[in-house]
Amino acid sequence: MINLYKNGGYASNLGSIIKWCMYDPLDPVTKNRFSRLVQRLEKKGFVEKRRVGREKEVYLTLFGKILAQSVKEYEKKNKRARARRRRKYKKRKITAKKDKTKK
């Protein structure tokens with residue numbers, strides 16, 4: 001859903017969504033998995049499918065766009081917090097090693 005949001009909230013077909021997620025769009029198992037995922041998201045009201053010829057266009061609904069934007073912002077904040085925690089952990093680890101070498 002976030003990849004769909006990053007690409008303007010619209011996909012001309014399911015294959016493009018699969019490519020954005022870095023999977024093989026020719027693999028039938030992957031196509032089936034993504035198709036079911038899009039169906040579940042449609043039932044929940046996050047996306048909307050429109051049939052155009054043989055292909056189905058996928059759009060984010062207004063609610064889906066709001067949710068995707070919120071998740072993206074949360075991940076961005078959480079990423080910074082995790083990086084801070086990692087730096088603190090590395091500092092503690094380095095000082096612990098220095099204490100062991102002094103003894």
# chains A, B, ... in the order shown; residues from 1 in each chain; ligands from 1
>>> residues_around(residues="Lys44 of chain A", least_positions_apart="3", cutoff="12 Å", atoms="only C-alpha atoms", output="short mmCIF file (atom, residue, chain, number, x, y, z; two decimals) with N, CA and C atoms, in the first residue's frame")
data_model
loop_
_atom_site.label_atom_id
_atom_site.label_comp_id
_atom_site.auth_asym_id
_atom_site.auth_seq_id
_atom_site.Cartn_x
_atom_site.Cartn_y
_atom_site.Cartn_z
N LEU A 37 -4.05 -10.19 -1.84
CA LEU A 37 -3.78 -9.06 -0.96
C LEU A 37 -4.59 -7.84 -1.38
N VAL A 38 -4.62 -7.57 -2.69
CA VAL A 38 -5.39 -6.43 -3.19
C VAL A 38 -6.88 -6.65 -2.93
N GLN A 39 -7.36 -7.89 -3.05
CA GLN A 39 -8.77 -8.18 -2.75
C GLN A 39 -9.09 -7.87 -1.29
N ARG A 40 -8.19 -8.28 -0.39
CA ARG A 40 -8.41 -8.00 1.04
C ARG A 40 -8.40 -6.51 1.32
N LEU A 41 -7.46 -5.78 0.69
CA LEU A 41 -7.41 -4.34 0.88
C LEU A 41 -8.66 -3.66 0.32
N VAL A 47 -8.28 0.24 -1.03
CA VAL A 47 -8.04 0.39 -2.48
C VAL A 47 -9.32 0.13 -3.25
N GLU A 48 -9.29 0.53 -4.51
CA GLU A 48 -10.43 0.32 -5.40
C GLU A 48 -9.88 -0.21 -6.72
N LEU A 60 -5.74 3.92 -4.76
CA LEU A 60 -5.93 4.08 -3.33
C LEU A 60 -7.18 4.94 -3.11
N THR A 61 -8.01 4.55 -2.16
CA THR A 61 -9.14 5.39 -1.80
C THR A 61 -8.62 6.53 -0.92
N PHE A 63 -9.34 7.08 2.16
CA PHE A 63 -8.95 6.48 3.44
C PHE A 63 -7.61 5.76 3.31
N GLY A 64 -7.41 5.07 2.19
CA GLY A 64 -6.15 4.37 1.95
C GLY A 64 -4.97 5.32 1.86
N LEU A 67 -4.18 6.56 5.41
CA LEU A 67 -3.52 5.52 6.18
C LEU A 67 -2.09 5.29 5.73
#
>>> atom_distance(atom1="atom CA of Met22 of chain A", atom2="atom CA of Val71 of chain A")
19.7 Å
>>> select_by_dssp(residues="chain A", states="alpha helix (DSSP H)", output="JSON, numbers by chain")
{"A": [2, 3, 4, 5, 6, 14, 15, 16, 17, 18, 19, 20, 28, 29, 30, 31, 32, 33, 34, 35, 36, 37, 38, 39, 40, 41, 42, 43, 44, 62, 63, 64, 65, 66, 67, 68, 69, 70, 71, 72, 73, 74, 75, 76, 77, 78, 79, 80, 81, 82, 83, 84, 85, 86, 87, 88, 89, 90, 91, 92, 93, 94, 95, 96, 97, 98, 99, 100, 101, 102]}
>>> write_last_selection(atoms="C-alpha atoms", output="CSV table (one decimal), in the first residue's frame")
chain,number,residue,atom,x,y,z
A,2,ILE,CA,2.9,2.3,0.8
A,3,ASN,CA,4.5,1.6,-2.6
A,4,LEU,CA,1.2,2.4,-4.3
A,5,TYR,CA,1.1,5.7,-2.3
A,6,LYS,CA,4.7,6.5,-3.3
A,14,LEU,CA,-1.1,-5.6,-10.7
A,15,GLY,CA,2.2,-6.3,-12.4
A,16,SER,CA,3.4,-2.8,-11.7
A,17,ILE,CA,2.7,-3.1,-8.0
A,18,ILE,CA,4.6,-6.4,-7.9
A,19,LYS,CA,7.6,-4.7,-9.6
A,20,TRP,CA,7.5,-1.8,-7.1
A,28,PRO,CA,2.2,-17.2,-10.8
A,29,VAL,CA,2.5,-17.7,-7.1
A,30,THR,CA,3.5,-14.1,-6.6
A,31,LYS,CA,0.7,-12.9,-8.8
A,32,ASN,CA,-1.8,-14.9,-6.9
A,33,ARG,CA,-0.5,-13.7,-3.5
A,34,PHE,CA,-0.7,-10.0,-4.6
A,35,SER,CA,-4.1,-10.5,-6.2
A,36,ARG,CA,-5.5,-11.9,-2.9
A,37,LEU,CA,-3.8,-9.1,-1.0
A,38,VAL,CA,-5.4,-6.4,-3.2
A,39,GLN,CA,-8.8,-8.2,-2.8
A,40,ARG,CA,-8.4,-8.0,1.0
A,41,LEU,CA,-7.4,-4.3,0.9
A,42,GLU,CA,-10.4,-3.7,-1.4
A,43,LYS,CA,-12.8,-5.3,1.1
A,44,LYS,CA,-11.4,-3.2,3.9
A,62,LEU,CA,-9.1,8.6,0.3
A,63,PHE,CA,-8.9,6.5,3.4
A,64,GLY,CA,-6.1,4.4,2.0
A,65,LYS,CA,-4.1,7.5,1.1
A,66,ILE,CA,-4.5,8.8,4.6
A,67,LEU,CA,-3.5,5.5,6.2
A,68,ALA,CA,-0.5,5.0,3.9
A,69,GLN,CA,0.7,8.6,4.6
A,70,SER,CA,0.4,7.9,8.4
A,71,VAL,CA,2.2,4.6,8.2
A,72,LYS,CA,5.0,6.2,6.1
A,73,GLU,CA,5.4,9.1,8.7
A,74,TYR,CA,5.4,6.6,11.6
A,75,GLU,CA,8.1,4.5,9.9
A,76,LYS,CA,10.2,7.6,9.3
A,77,LYS,CA,10.0,8.6,13.0
A,78,ASN,CA,10.6,5.0,14.2
A,79,LYS,CA,13.6,4.7,11.9
A,80,ARG,CA,15.3,7.7,13.5
A,81,ALA,CA,14.5,6.4,17.0
A,82,ARG,CA,16.0,3.0,16.2
A,83,ALA,CA,19.1,4.6,14.8
A,84,ARG,CA,19.5,6.6,18.1
A,85,ARG,CA,19.1,3.4,20.1
A,86,ARG,CA,21.7,1.6,18.0
A,87,ARG,CA,24.2,4.4,18.5
A,88,LYS,CA,23.7,4.3,22.3
A,89,TYR,CA,24.0,0.5,22.4
A,90,LYS,CA,27.3,0.7,20.4
A,91,LYS,CA,28.7,3.3,22.8
A,92,ARG,CA,27.8,1.0,25.8
A,93,LYS,CA,29.4,-2.0,24.1
A,94,ILE,CA,32.6,0.0,23.4
A,95,THR,CA,32.9,1.2,27.0
A,96,ALA,CA,32.3,-2.3,28.3
A,97,LYS,CA,35.1,-3.6,26.2
A,98,LYS,CA,37.4,-0.9,27.5
A,99,ASP,CA,36.5,-1.8,31.1
A,100,LYS,CA,37.4,-5.4,30.5
A,101,THR,CA,40.8,-4.6,29.1
A,102,LYS,CA,41.7,-2.3,32.0
>>> atom_distance(atom1="atom CA of Glu55 of chain A", atom2="atom CA of Asn13 of chain A")
6.0 Å
>>> select_by_dssp(residues="chain A", states="strand (DSSP E)", output="list in words")
Tyr10, Ala11, Val47, Glu48, Lys49, Arg50, Arg51, Val52, Glu55, Lys56, Glu57, Val58, Tyr59 and Leu60 of chain A
